[in-house]
>>> print(open('query03.tsv').read())   # TSV, C-alpha atoms
chain	number	residue	atom	x	y	z
A	29	MET	CA	199.64	41.29	-44.13
A	30	SER	CA	196.08	40.66	-45.27
A	31	VAL	CA	193.36	43.32	-45.46
A	32	GLU	CA	191.64	41.73	-42.46
A	33	GLU	CA	194.85	41.87	-40.42
A	34	LYS	CA	195.41	45.50	-41.39
A	35	CYS	CA	191.87	46.40	-40.35
A	36	SER	CA	192.29	44.54	-37.08
A	37	THR	CA	195.56	46.38	-36.34
A	38	HIS	CA	193.97	49.71	-37.23
A	39	GLN	CA	191.04	49.03	-34.90
A	40	ARG	CA	193.39	48.31	-32.00
A	41	ARG	CA	195.05	51.71	-32.34
A	42	ARG	CA	193.60	54.46	-30.19
A	43	ARG	CA	193.94	58.17	-30.65
A	44	ALA	CA	195.02	60.45	-27.82
A	45	LEU	CA	192.03	61.64	-25.79
A	46	SER	CA	191.53	65.03	-24.22
A	47	VAL	CA	191.16	65.16	-20.46
A	48	ASP	CA	187.40	65.62	-20.86
A	49	GLU	CA	187.22	62.55	-23.10
A	50	GLN	CA	189.32	60.54	-20.64
A	51	CYS	CA	186.84	61.27	-17.85
A	52	GLN	CA	183.94	60.40	-20.14
A	53	LEU	CA	185.56	57.06	-20.97
A	54	LEU	CA	186.07	56.29	-17.28
A	55	ALA	CA	182.43	57.16	-16.59
A	56	ARG	CA	181.25	54.82	-19.36
A	57	HIS	CA	183.17	52.03	-17.62
A	58	GLY	CA	181.27	52.67	-14.41
A	59	ILE	CA	183.83	54.81	-12.57
A	60	LYS	CA	182.10	57.40	-10.39
A	61	PHE	CA	183.07	60.99	-9.64
A	62	GLU	CA	181.43	61.36	-6.24
A	63	GLN	CA	184.27	61.36	-3.70
A	64	CYS	CA	186.43	63.16	-6.25
A	65	CYS	CA	184.50	65.52	-8.52
A	66	ARG	CA	185.15	65.59	-12.25
A	67	GLU	CA	186.91	68.96	-12.17
A	68	ASP	CA	189.38	67.75	-9.53
A	69	ALA	CA	189.88	64.57	-11.57
A	70	LYS	CA	190.77	66.65	-14.64
A	71	HIS	CA	193.33	68.66	-12.68
A	72	PHE	CA	194.86	65.45	-11.33
A	73	LEU	CA	195.15	63.98	-14.83
A	74	LYS	CA	196.76	67.18	-16.13
A	75	ASP	CA	199.10	68.05	-13.28
A	76	ASN	CA	199.91	64.87	-11.32
A	77	THR	CA	199.84	61.89	-13.65
A	78	TYR	CA	198.59	60.74	-17.04
A	79	PHE	CA	195.72	58.57	-18.18
A	80	PHE	CA	197.70	55.47	-19.26
A	81	LYS	CA	199.42	55.17	-15.87
A	82	LEU	CA	196.30	55.89	-13.81
A	83	LYS	CA	194.21	53.42	-15.83
A	84	ALA	CA	196.63	50.60	-14.95
A	85	PHE	CA	195.46	50.66	-11.32
A	86	ASP	CA	191.86	49.83	-12.26
A	87	ASN	CA	192.92	46.18	-12.67
A	88	ASN	CA	192.76	45.95	-8.87
A	89	PHE	CA	189.01	46.49	-8.83
A	90	VAL	CA	186.07	44.18	-9.49
A	91	ARG	CA	183.97	44.34	-12.68
A	92	ASP	CA	180.67	42.73	-13.55
A	93	ASP	CA	180.10	40.43	-16.52
A	94	LYS	CA	179.73	43.44	-18.83
A	95	GLY	CA	183.05	44.96	-17.76
A	96	THR	CA	181.52	47.69	-15.61
A	97	TYR	CA	183.28	48.48	-12.35
A	98	LEU	CA	181.46	47.84	-9.09
A	99	ASN	CA	181.58	50.72	-6.64
A	100	LEU	CA	184.77	52.29	-8.01
A	101	ASP	CA	185.23	56.02	-7.55
A	102	PHE	CA	187.92	58.08	-9.28
A	103	ALA	CA	189.16	58.95	-5.79
A	104	TYR	CA	190.28	55.32	-5.34
A	105	LEU	CA	192.46	55.46	-8.46
A	106	LYS	CA	193.82	58.84	-7.45
A	107	ASP	CA	194.70	57.61	-3.96
A	108	LEU	CA	196.21	54.32	-5.13
A	109	SER	CA	198.41	56.04	-7.71
A	110	THR	CA	199.67	58.40	-4.99
A	111	ILE	CA	200.44	55.52	-2.63
A	112	ASP	CA	202.27	53.77	-5.46
A	113	PHE	CA	204.37	56.92	-6.04
A	114	GLU	CA	205.24	57.22	-2.34
A	115	PHE	CA	206.09	53.52	-2.26
A	116	ARG	CA	208.52	53.96	-5.16
A	117	VAL	CA	210.15	56.91	-3.37
A	118	LEU	CA	210.68	54.74	-0.28
A	119	ILE	CA	212.09	51.89	-2.36
A	120	LEU	CA	214.53	54.20	-4.14
A	121	ARG	CA	215.71	55.53	-0.78
A	122	MET	CA	216.28	52.02	0.60
A	123	THR	CA	217.89	50.56	-2.52
A	124	GLY	CA	220.17	53.60	-2.76
A	125	ASP	CA	221.28	52.88	0.81
A	126	ILE	CA	221.84	49.23	-0.09
A	127	GLU	CA	223.94	50.05	-3.15
A	128	HIS	CA	226.17	52.38	-1.12
A	129	ALA	CA	226.43	49.92	1.78
A	130	LEU	CA	227.39	47.10	-0.60
A	131	ARG	CA	230.36	49.15	-1.80
A	132	VAL	CA	231.35	49.81	1.82
A	133	ARG	CA	231.16	46.09	2.62
A	134	PHE	CA	233.12	45.22	-0.52
A	135	ASN	CA	235.84	47.65	0.52
A	136	ASN	CA	236.01	46.22	4.05
A	137	LEU	CA	236.33	42.66	2.75
A	138	LEU	CA	239.13	43.73	0.42
A	139	SER	CA	241.00	45.10	3.42
A	140	GLN	CA	240.64	41.77	5.23
A	141	VAL	CA	242.39	39.82	2.46
A	142	ASN	CA	245.01	42.50	1.68
A	143	GLU	CA	243.95	42.94	-1.93
A	144	ASP	CA	245.48	45.69	-4.04
A	145	GLY	CA	242.18	46.36	-5.82
A	146	TYR	CA	243.44	45.43	-9.29
A	147	GLN	CA	243.39	41.62	-9.28
A	148	VAL	CA	239.71	41.70	-8.33
A	149	ILE	CA	238.90	43.46	-11.59
A	150	ARG	CA	241.19	41.19	-13.62
A	151	ASP	CA	239.42	38.12	-12.22
A	152	TYR	CA	236.02	39.64	-12.94
A	153	GLU	CA	236.92	40.62	-16.51
A	154	ASP	CA	238.33	37.16	-17.21
A	155	GLU	CA	235.05	35.58	-16.04
A	156	GLN	CA	232.98	37.95	-18.13
A	157	ALA	CA	235.14	37.40	-21.23
A	158	LYS	CA	234.69	33.62	-20.94
A	159	TYR	CA	230.93	33.99	-20.43
A	160	TYR	CA	230.57	36.24	-23.47
A	161	GLU	CA	232.73	33.94	-25.59
A	162	LYS	CA	230.63	30.95	-24.58
A	163	ASN	CA	227.56	32.82	-25.83
A	164	GLY	CA	229.18	33.87	-29.11
A	165	ARG	CA	229.81	37.48	-28.13
A	166	ILE	CA	232.81	39.71	-27.49
A	167	TYR	CA	233.21	41.30	-24.07
A	168	ASP	CA	234.18	44.97	-24.00
A	169	SER	CA	235.50	45.53	-20.49
A	170	ASP	CA	235.60	49.33	-20.90
A	171	SER	CA	231.83	49.43	-21.45
A	172	CYS	CA	231.25	48.75	-17.73
A	173	TYR	CA	232.50	52.23	-16.88
A	174	GLN	CA	229.59	54.65	-17.31
A	175	GLN	CA	231.03	57.94	-18.51
A	176	SER	CA	229.46	61.32	-17.76
A	177	VAL	CA	230.60	64.81	-16.85
A	178	TYR	CA	230.86	63.56	-13.25
A	179	THR	CA	233.00	60.50	-13.98
A	180	LYS	CA	235.04	61.39	-17.10
A	181	GLY	CA	238.00	62.73	-15.13
A	182	MET	CA	238.51	59.62	-13.02
A	183	ILE	CA	237.91	57.31	-15.99
A	184	ASP	CA	240.52	59.10	-18.10
A	185	LYS	CA	242.98	58.89	-15.21
A	186	PHE	CA	242.54	55.24	-14.16
A	187	LEU	CA	241.06	53.31	-17.11
A	188	LYS	CA	244.42	52.00	-18.38
A	189	ASP	CA	245.10	50.25	-15.07
A	190	LYS	CA	241.70	49.72	-13.46
A	191	PRO	CA	241.29	49.48	-9.69
A	192	VAL	CA	238.08	48.17	-8.19
A	193	TRP	CA	237.39	51.63	-6.74
A	194	LEU	CA	237.01	53.08	-10.24
A	195	PHE	CA	234.62	50.25	-11.05
A	196	TRP	CA	232.45	51.03	-8.00
A	197	GLU	CA	232.15	54.70	-8.86
A	198	THR	CA	231.17	54.19	-12.49
A	199	CYS	CA	229.45	50.79	-12.89
A	200	THR	CA	225.77	49.88	-12.93
A	201	PHE	CA	224.18	48.10	-9.97
A	202	SER	CA	223.97	44.91	-12.04
A	203	ASN	CA	227.70	44.94	-12.75
A	204	LEU	CA	228.44	45.72	-9.12
A	205	ILE	CA	226.52	42.60	-8.06
A	206	ARG	CA	228.34	40.46	-10.64
A	207	CYS	CA	231.73	41.77	-9.54
A	208	TYR	CA	230.85	41.15	-5.88
A	209	ARG	CA	229.86	37.57	-6.75
A	210	SER	CA	233.19	37.09	-8.52
A	211	PHE	CA	235.07	38.38	-5.47
A	212	LEU	CA	233.13	36.13	-3.07
A	213	THR	CA	233.85	33.09	-5.24
A	214	HIS	CA	237.58	33.74	-5.70
A	215	ARG	CA	238.22	34.71	-2.07
A	216	ARG	CA	235.97	31.98	-0.61
A	217	PHE	CA	233.59	34.31	1.23
A	218	GLN	CA	229.98	33.54	2.11
A	219	ASP	CA	227.48	36.40	2.34
A	220	VAL	CA	223.88	35.63	3.28
A	221	THR	CA	222.62	38.79	1.56
A	222	TYR	CA	224.19	38.07	-1.83
A	223	SER	CA	221.23	36.09	-3.18
A	224	LEU	CA	218.84	38.87	-2.08
A	225	LEU	CA	220.55	41.43	-4.30
A	226	TYR	CA	218.82	40.20	-7.46
A	227	GLY	CA	215.40	40.94	-5.98
A	228	VAL	CA	216.73	44.31	-4.82
A	229	ARG	CA	217.94	45.10	-8.34
A	230	LEU	CA	214.63	44.17	-9.98
A	231	LEU	CA	212.59	46.37	-7.65
A	232	ARG	CA	215.09	49.23	-7.80
A	233	ASN	CA	214.95	49.25	-11.59
A	234	ALA	CA	211.15	49.12	-11.60
A	235	ALA	CA	210.94	52.04	-9.17
A	236	SER	CA	213.55	54.13	-10.99
A	237	HIS	CA	211.70	53.66	-14.30
A	238	HIS	CA	208.42	54.71	-12.64
A	239	ASN	CA	206.73	51.37	-13.28
A	240	CYS	CA	203.41	50.86	-11.51
A	241	LEU	CA	204.06	48.47	-8.62
A	242	LEU	CA	200.64	48.01	-7.04
A	243	ILE	CA	199.06	46.24	-9.99
A	244	PRO	CA	198.40	42.52	-10.57
A	245	SER	CA	201.28	40.51	-12.01
A	246	GLN	CA	200.99	37.26	-13.93
A	247	GLU	CA	204.73	36.62	-13.88
A	248	ASP	CA	206.23	33.65	-12.07
A	249	ILE	CA	209.09	34.38	-9.73
A	250	LYS	CA	212.35	32.60	-9.11
A	251	ARG	CA	212.23	32.08	-5.38
A	252	THR	CA	215.22	33.03	-3.25
A	253	GLU	CA	215.96	30.18	-0.85
A	254	ASP	CA	217.83	32.41	1.59
A	255	LEU	CA	214.87	34.79	1.72
A	256	ASP	CA	212.54	32.02	2.89
A	257	LYS	CA	214.86	31.27	5.82
A	258	LEU	CA	215.53	34.88	6.75
A	259	LEU	CA	211.88	35.92	6.62
A	260	LYS	CA	211.02	33.24	9.15
A	261	VAL	CA	213.55	34.86	11.49
A	262	PHE	CA	212.37	38.37	10.66
A	263	LEU	CA	208.62	37.90	11.12
A	264	PRO	CA	206.98	36.94	14.42
A	265	ASP	CA	205.11	33.65	14.55
A	266	SER	CA	201.51	34.60	13.77
A	267	LYS	CA	198.67	33.97	11.33
A	268	GLU	CA	199.42	37.25	9.53
A	269	SER	CA	203.09	36.32	9.19
A	270	ALA	CA	202.15	32.96	7.67
A	271	LYS	CA	200.09	34.75	5.01
A	272	THR	CA	202.97	37.10	4.20
A	273	LEU	CA	205.45	34.22	4.00
A	274	LYS	CA	203.14	32.43	1.56
A	275	LEU	CA	202.67	35.57	-0.52
A	276	ALA	CA	206.43	36.12	-0.71
A	277	GLU	CA	206.70	32.75	-2.45
A	278	THR	CA	204.35	33.72	-5.30
A	279	ASP	CA	203.98	37.50	-5.55
A	280	PRO	CA	206.91	39.30	-7.27
A	281	LEU	CA	206.34	42.60	-5.46
A	282	ILE	CA	206.23	41.10	-1.96
A	283	HIS	CA	209.16	38.78	-2.73
A	284	ASP	CA	211.37	41.59	-4.02
A	285	PHE	CA	210.31	44.08	-1.35
A	286	ALA	CA	211.14	41.52	1.35
A	287	CYS	CA	214.59	41.18	-0.27
A	288	VAL	CA	215.01	44.96	-0.01
A	289	LEU	CA	214.06	45.07	3.68
A	290	ILE	CA	216.27	42.15	4.76
A	291	ALA	CA	219.22	43.36	2.65
A	292	HIS	CA	218.87	46.85	4.15
A	293	ILE	CA	218.85	45.44	7.68
A	294	ASN	CA	221.97	43.36	7.04
A	295	LEU	CA	224.03	45.73	4.90
A	296	VAL	CA	223.34	49.21	6.25
A	297	GLN	CA	225.40	49.76	9.39
A	298	SER	CA	225.07	53.55	9.58
A	299	ILE	CA	222.74	54.56	12.42
A	300	GLY	CA	221.91	57.80	10.63
A	301	MET	CA	220.87	56.03	7.44
A	302	ARG	CA	218.78	53.49	9.32
A	303	SER	CA	216.98	56.09	11.45
A	304	GLY	CA	216.28	58.18	8.35
A	305	VAL	CA	214.62	55.23	6.63
A	306	VAL	CA	212.57	54.42	9.74
A	307	LYS	CA	211.13	57.95	9.73
A	308	GLN	CA	210.24	57.62	6.05
A	309	ILE	CA	208.64	54.22	6.67
A	310	GLU	CA	206.49	55.67	9.46
A	311	LEU	CA	205.23	58.42	7.15
A	312	PHE	CA	204.47	55.92	4.40
A	313	ILE	CA	202.51	53.61	6.71
A	314	LYS	CA	200.46	56.58	7.88
A	315	ARG	CA	199.75	57.53	4.26
A	316	MET	CA	198.87	53.98	3.30
A	317	ARG	CA	196.37	53.69	6.17
A	318	ARG	CA	194.53	56.91	5.29
A	319	HIS	CA	191.77	55.14	3.37
A	320	TYR	CA	192.17	51.65	4.83
A	321	ASP	CA	188.51	50.76	4.32
A	322	TRP	CA	188.66	51.44	0.57
A	323	TYR	CA	191.11	48.58	-0.02
A	324	HIS	CA	189.52	46.10	2.38
A	325	ASN	CA	186.15	45.94	0.68
A	326	SER	CA	185.85	42.56	-1.04
A	327	GLU	CA	182.82	43.72	-3.05
A	328	SER	CA	184.86	46.18	-5.08
A	329	VAL	CA	188.55	45.28	-4.55
A	330	HIS	CA	190.32	42.10	-5.65
A	331	ASP	CA	191.89	40.02	-2.89
A	332	HIS	CA	195.43	40.36	-4.23
A	333	LEU	CA	195.57	44.13	-3.54
A	334	THR	CA	194.24	43.66	0.00
A	335	GLN	CA	196.82	40.92	0.60
A	336	GLN	CA	199.63	43.08	-0.78
A	337	PHE	CA	198.67	46.02	1.43
A	338	ASP	CA	198.52	43.82	4.53
A	339	ALA	CA	201.87	42.18	3.73
A	340	ILE	CA	203.61	45.50	3.03
A	341	GLU	CA	202.31	47.01	6.26
A	342	LEU	CA	203.38	43.97	8.29
A	343	LEU	CA	206.87	43.96	6.77
A	344	LEU	CA	207.35	47.68	7.34
A	345	THR	CA	205.99	47.59	10.89
A	346	ARG	CA	208.32	44.71	11.67
A	347	ALA	CA	211.27	46.64	10.18
A	348	ILE	CA	210.60	49.52	12.58
A	349	GLU	CA	210.38	47.13	15.55
A	350	PHE	CA	213.53	45.27	14.54
A	351	ASN	CA	215.56	48.46	14.22
A	352	GLN	CA	214.37	49.63	17.64
A	353	MET	CA	215.33	46.30	19.21
A	354	ARG	CA	218.68	46.50	17.46
A	355	ASP	CA	219.38	49.98	18.81
A	356	ASP	CA	218.30	48.87	22.30
A	357	GLU	CA	220.56	45.78	21.98
A	358	VAL	CA	217.77	43.38	22.94
A	359	LEU	CA	217.81	41.11	19.86
A	360	SER	CA	217.85	37.39	20.55
A	361	GLU	CA	220.65	35.19	19.19
A	362	TYR	CA	218.13	33.82	16.71
A	363	GLN	CA	217.28	37.33	15.45
A	364	LYS	CA	220.95	38.25	15.17
A	365	ASP	CA	221.20	35.82	12.25
A	366	LEU	CA	219.75	38.64	10.15
A	367	LEU	CA	222.82	40.73	10.96
A	368	ARG	CA	225.35	38.01	10.19
A	369	GLN	CA	228.36	39.42	8.37
A	370	PRO	CA	230.28	37.68	5.55
A	371	TYR	CA	232.63	34.95	6.64
A	372	ARG	CA	235.38	33.08	4.87
A	373	ARG	CA	235.01	29.38	4.19
A	374	PRO	CA	237.87	27.33	5.63
A	375	VAL	CA	240.52	26.10	3.20
A	376	ARG	CA	240.77	22.30	2.94
A	377	ARG	CA	243.98	20.71	4.14
A	378	GLY	CA	245.29	17.31	3.02
A	379	PRO	CA	243.91	15.03	0.31
A	380	ARG	CA	240.38	15.79	-0.86
A	381	ARG	CA	237.80	13.05	-0.43
A	382	ALA	CA	236.16	11.88	-3.64
A	383	SER	CA	232.60	13.01	-4.25
A	384	LYS	CA	229.69	10.66	-3.61
A	385	ARG	CA	229.20	10.15	-7.36
A	386	ALA	CA	232.89	9.34	-7.86
A	387	ARG	CA	232.82	6.86	-4.98
A	388	GLU	CA	229.79	5.13	-6.49
A	389	ARG	CA	231.60	4.80	-9.82
A	390	GLN	CA	234.54	3.10	-8.12
A	391	GLN	CA	232.34	0.48	-6.46
A	392	PRO	CA	231.57	-2.74	-8.39
A	393	PRO	CA	227.89	-3.45	-9.19
A	394	ALA	CA	225.85	-4.98	-6.39
A	395	GLN	CA	225.52	-8.35	-8.17
A	396	ASN	CA	229.30	-8.58	-8.54
A	397	ILE	CA	229.76	-7.77	-4.84
A	398	ALA	CA	227.52	-10.73	-3.98
A	399	LEU	CA	229.48	-12.95	-6.40
A	400	TYR	CA	232.83	-11.86	-4.93
A	401	SER	CA	231.52	-12.53	-1.43
A	402	ALA	CA	230.31	-16.00	-2.43
A	403	LYS	CA	233.67	-16.81	-4.05
A	404	GLY	CA	235.49	-15.62	-0.98
A	405	THR	CA	233.37	-17.91	1.16
A	406	GLU	CA	234.07	-20.85	-1.11
A	407	LEU	CA	237.80	-20.22	-0.98
A	408	LYS	CA	237.76	-20.10	2.81
A	409	GLN	CA	235.78	-23.32	2.96
A	410	GLY	CA	238.17	-24.96	0.56
>>> encode(input="query03.tsv", output="structure tokens")
Amino acid sequence: MSVEEKCSTHQRRRRALSVDEQCQLLARHGIKFEQCCREDAKHFLKDNTYFFKLKAFDNNFVRDDKGTYLNLDFAYLKDLSTIDFEFRVLILRMTGDIEHALRVRFNNLLSQVNEDGYQVIRDYEDEQAKYYEKNGRIYDSDSCYQQSVYTKGMIDKFLKDKPVWLFWETCTFSNLIRCYRSFLTHRRFQDVTYSLLYGVRLLRNAASHHNCLLIPSQEDIKRTEDLDKLLKVFLPDSKESAKTLKLAETDPLIHDFACVLIAHINLVQSIGMRSGVVKQIELFIKRMRRHYDWYHNSESVHDHLTQQFDAIELLLTRAIEFNQMRDDEVLSEYQKDLLRQPYRRPVRRGPRRASKRARERQQPPAQNIALYSAKGTELKQG
């Protein structure tokens, strides 16, 4: 590394600032301490969060050409970081419900096909071993079983001959999804919520690691085709719904949160769990609306945050309405598609028809067909 590169690296490094210095830095960037005084700001930075996390939320607010914020008060950052925390708590509640409900569904499907619970794991481990081998790695099947003081006893008892129930109790959410996919494939089941589980996993992991959610993202998303279809059933036909549908195609947070809501609606059958989430949603919406005007001011707030807030509120409001209609048994047949349970694809009987590509290969080229037809005509005339 050259001297210039070393100097550049050294300049990029920043020392830890005291709380007083943190507030001074914010003030130099144009952040005001009017709606939240400086002393309250210091207490918030010491007791509720830390500077690096709070500073991330300032990317939602407008700056001038010199990098100075326009009409940004510390109170906005304080409020937005609190909403973000409450949002993560709600997401963890819902994704925890989904993870439990997925195990319940898995168990019910096993009962339908009279599985013993051991072949499912053997099939899954065979698939994983082939995948690892293809990528030049060795698969350690025992590593899927997360050992702790709460699981060691059952692992020691069942690890030599593994049932799927041991796997459920000790695996990660990622491995649970992979094992469920393996089961669906081998037993010819279709589950409309399966493709949503990857968005659920991404948002669950982000929330559990305390990542800031309400910040701009430059990442492209891999759209979930089933989500596009299900959201059109879930949301009423309106201008606001059209905006949310569009945002779900491009914004990772709205895409993944929509996956969580639809998966929760489809998977969670317990009335108690659903009503508990509805109460938590109502409290969160009330909290999110507390300073509505702060986040709908285009002079100081970027459009993406306003759009995210509107989309989240619409999705949550619709979730409350849908659950009420479900409990009252007034859902239309169209809306009931969101509740569709897994079904087994029919097994083909008799000889299998060749694929379109195979049939095309068997046909002679078009010019030869014309030649054969001409020859056939000549023979008939002769």
>>> closest_atom_pairs(input="query03.tsv", of="region 328-374 of chain A", to="region 81-88 of chain A", cutoff="12 Å", atoms="all atoms listed in the file", output="CSV")
residue,atom,partner,partner_atom,distance
A:Ser328,CA,A:Asn88,CA,8.8
A:Val329,CA,A:Asn88,CA,6.1
A:His330,CA,A:Asn88,CA,5.6
A:Asp331,CA,A:Asn88,CA,8.5
A:His332,CA,A:Asn88,CA,7.7
A:Leu333,CA,A:Asn88,CA,6.3
A:Thr334,CA,A:Asn88,CA,9.3
A:Gln335,CA,A:Asn88,CA,11.5
A:Gln336,CA,A:Asn88,CA,11.0
A:Phe337,CA,A:Asn88,CA,11.9
>>> write_last_selection(input="query03.tsv", atoms="C-alpha atoms", output="tab-separated table (two decimals), in the frame of the given file")
chain	number	residue	atom	x	y	z
A	328	SER	CA	184.86	46.18	-5.08
A	329	VAL	CA	188.55	45.28	-4.55
A	330	HIS	CA	190.32	42.10	-5.65
A	331	ASP	CA	191.89	40.02	-2.89
A	332	HIS	CA	195.43	40.36	-4.23
A	333	LEU	CA	195.57	44.13	-3.54
A	334	THR	CA	194.24	43.66	0.00
A	335	GLN	CA	196.82	40.92	0.60
A	336	GLN	CA	199.63	43.08	-0.78
A	337	PHE	CA	198.67	46.02	1.43
>>> closest_residue(input="query03.tsv", among="A:Asp125, A:Ser109, A:Asp168, A:Glu341", to="Ile299 (chain A)", atoms="all atoms listed in the file")
A:Asp125
>>> closest_atom_pairs(input="query03.tsv", of="region 192-303 of chain A", to="region 133-149 of chain A", cutoff="9 Å", atoms="only C-alpha atoms", output="tab-separated table")
residue	atom	partner	partner_atom	distance
A:Val192	CA	A:Gly145	CA	5.1
A:Trp193	CA	A:Gly145	CA	7.2
A:Phe195	CA	A:Ile149	CA	8.0
A:Cys207	CA	A:Ile149	CA	7.6
A:Tyr208	CA	A:Phe134	CA	7.1
A:Ser210	CA	A:Val148	CA	8.0
A:Phe211	CA	A:Val148	CA	6.4
A:His214	CA	A:Val148	CA	8.6
A:Arg215	CA	A:Val141	CA	8.0
A:Phe217	CA	A:Leu137	CA	8.9
A:Leu295	CA	A:Arg133	CA	7.5
>>> residues_around(input="query03.tsv", residues="Gln52 (chain A)", least_positions_apart="6", cutoff="12 Å", atoms="only C-alpha atoms", output="ChimeraX atom specification")
/A:45-46,58-61,66,69-70,102
>>> axis_aligned_box(input="query03.tsv", around="region 104-114 of chain A", padding_each_side="6 Å", output="AutoDock Vina command-line options")
--center_x 197.8 --center_y 56.3 --center_z -5.4 --size_x 27.0 --size_y 17.1 --size_z 18.1
>>> closest_residue(input="query03.tsv", among="A:Asp365, A:Tyr167, A:Ile348, A:Phe115", to="Leu281 (chain A)", atoms="only C-alpha atoms")
A:Phe115
>>> closest_residue(input="query03.tsv", among="A:Tyr173, A:Tyr152, A:Tyr159, A:Phe79", to="Leu212 (chain A)", atoms="all atoms listed in the file")
A:Tyr152
>>> closest_residue(input="query03.tsv", among="A:Lys364, A:Arg315, A:Lys250, A:Lys271", to="Thr110 (chain A)", atoms="only C-alpha atoms")
A:Arg315
>>> atom_distance(input="query03.tsv", atom1="CA of Arg318 (chain A)", atom2="CA of Ala103 (chain A)")
12.5 Å
>>> closest_residue(input="query03.tsv", among="A:Leu54, A:Met316, A:Ala129, A:Val47", to="Glu67 (chain A)", atoms="only C-alpha atoms")
A:Val47
>>> residues_around(input="query03.tsv", residues="Gln369 (chain A)", least_positions_apart="3", cutoff="8 Å", atoms="all atoms listed in the file", output="ChimeraX atom specification")
/A:219-220,294
>>> atom_distance(input="query03.tsv", atom1="CA of Leu230 (chain A)", atom2="CA of Leu273 (chain A)")
19.5 Å
>>> residues_near_point(input="query03.tsv", point="(203.5, 55.2, -4.3)", cutoff="10 Å", atoms="only C-alpha atoms", output="PyMOL selection string")
chain A and resi 107-119+235+238+240-242+312+315-316
>>> residues_around(input="query03.tsv", residues="region 262-264 of chain A", least_positions_apart="4", cutoff="10 Å", atoms="all atoms listed in the file", output="ChimeraX atom specification")
/A:255,257-258,268-270,272-273,286,289-290,342-343,346-347,350,362-366
>>> atom_distance(input="query03.tsv", atom1="CA of Leu194 (chain A)", atom2="CA of Arg209 (chain A)")
17.4 Å
>>> build_atoms(input="query03.tsv", residues="region 48-59 of chain A", atoms="N, CA, C and O atoms", output="PDB file, in the frame of the given file")
ATOM      1  N   ASP A  48     188.851  65.783 -20.944  1.00  0.00           N
ATOM      2  CA  ASP A  48     187.400  65.620 -20.860  1.00  0.00           C
ATOM      3  C   ASP A  48     186.984  64.241 -21.378  1.00  0.00           C
ATOM      4  O   ASP A  48     186.143  63.559 -20.766  1.00  0.00           O
ATOM      5  N   GLU A  49     187.561  63.845 -22.504  1.00  0.00           N
ATOM      6  CA  GLU A  49     187.220  62.550 -23.100  1.00  0.00           C
ATOM      7  C   GLU A  49     187.696  61.399 -22.218  1.00  0.00           C
ATOM      8  O   GLU A  49     187.040  60.356 -22.136  1.00  0.00           O
ATOM      9  N   GLN A  50     188.831  61.570 -21.544  1.00  0.00           N
ATOM     10  CA  GLN A  50     189.320  60.540 -20.640  1.00  0.00           C
ATOM     11  C   GLN A  50     188.335  60.315 -19.490  1.00  0.00           C
ATOM     12  O   GLN A  50     188.027  59.172 -19.132  1.00  0.00           O
ATOM     13  N   CYS A  51     187.817  61.387 -18.936  1.00  0.00           N
ATOM     14  CA  CYS A  51     186.840  61.270 -17.850  1.00  0.00           C
ATOM     15  C   CYS A  51     185.535  60.646 -18.350  1.00  0.00           C
ATOM     16  O   CYS A  51     184.906  59.849 -17.640  1.00  0.00           O
ATOM     17  N   GLN A  52     185.152  60.988 -19.562  1.00  0.00           N
ATOM     18  CA  GLN A  52     183.940  60.400 -20.140  1.00  0.00           C
ATOM     19  C   GLN A  52     184.111  58.891 -20.328  1.00  0.00           C
ATOM     20  O   GLN A  52     183.181  58.112 -20.060  1.00  0.00           O
ATOM     21  N   LEU A  53     185.296  58.481 -20.779  1.00  0.00           N
ATOM     22  CA  LEU A  53     185.560  57.060 -20.970  1.00  0.00           C
ATOM     23  C   LEU A  53     185.512  56.314 -19.631  1.00  0.00           C
ATOM     24  O   LEU A  53     184.927  55.225 -19.530  1.00  0.00           O
ATOM     25  N   LEU A  54     186.108  56.905 -18.604  1.00  0.00           N
ATOM     26  CA  LEU A  54     186.070  56.290 -17.280  1.00  0.00           C
ATOM     27  C   LEU A  54     184.625  56.159 -16.791  1.00  0.00           C
ATOM     28  O   LEU A  54     184.244  55.139 -16.208  1.00  0.00           O
ATOM     29  N   ALA A  55     183.840  57.187 -17.023  1.00  0.00           N
ATOM     30  CA  ALA A  55     182.430  57.160 -16.590  1.00  0.00           C
ATOM     31  C   ALA A  55     181.659  56.072 -17.314  1.00  0.00           C
ATOM     32  O   ALA A  55     180.813  55.392 -16.710  1.00  0.00           O
ATOM     33  N   ARG A  56     181.948  55.872 -18.597  1.00  0.00           N
ATOM     34  CA  ARG A  56     181.250  54.820 -19.360  1.00  0.00           C
ATOM     35  C   ARG A  56     181.594  53.443 -18.821  1.00  0.00           C
ATOM     36  O   ARG A  56     180.816  52.498 -18.965  1.00  0.00           O
ATOM     37  N   HIS A  57     182.753  53.312 -18.208  1.00  0.00           N
ATOM     38  CA  HIS A  57     183.170  52.030 -17.620  1.00  0.00           C
ATOM     39  C   HIS A  57     182.661  51.858 -16.191  1.00  0.00           C
ATOM     40  O   HIS A  57     183.028  50.893 -15.532  1.00  0.00           O
ATOM     41  N   GLY A  58     181.869  52.809 -15.727  1.00  0.00           N
ATOM     42  CA  GLY A  58     181.270  52.670 -14.410  1.00  0.00           C
ATOM     43  C   GLY A  58     182.008  53.371 -13.286  1.00  0.00           C
ATOM     44  O   GLY A  58     181.636  53.239 -12.114  1.00  0.00           O
ATOM     45  N   ILE A  59     183.078  54.104 -13.600  1.00  0.00           N
ATOM     46  CA  ILE A  59     183.830  54.810 -12.570  1.00  0.00           C
ATOM     47  C   ILE A  59     183.087  56.089 -12.188  1.00  0.00           C
ATOM     48  O   ILE A  59     182.704  56.883 -13.044  1.00  0.00           O
TER      49      ILE A  59
END
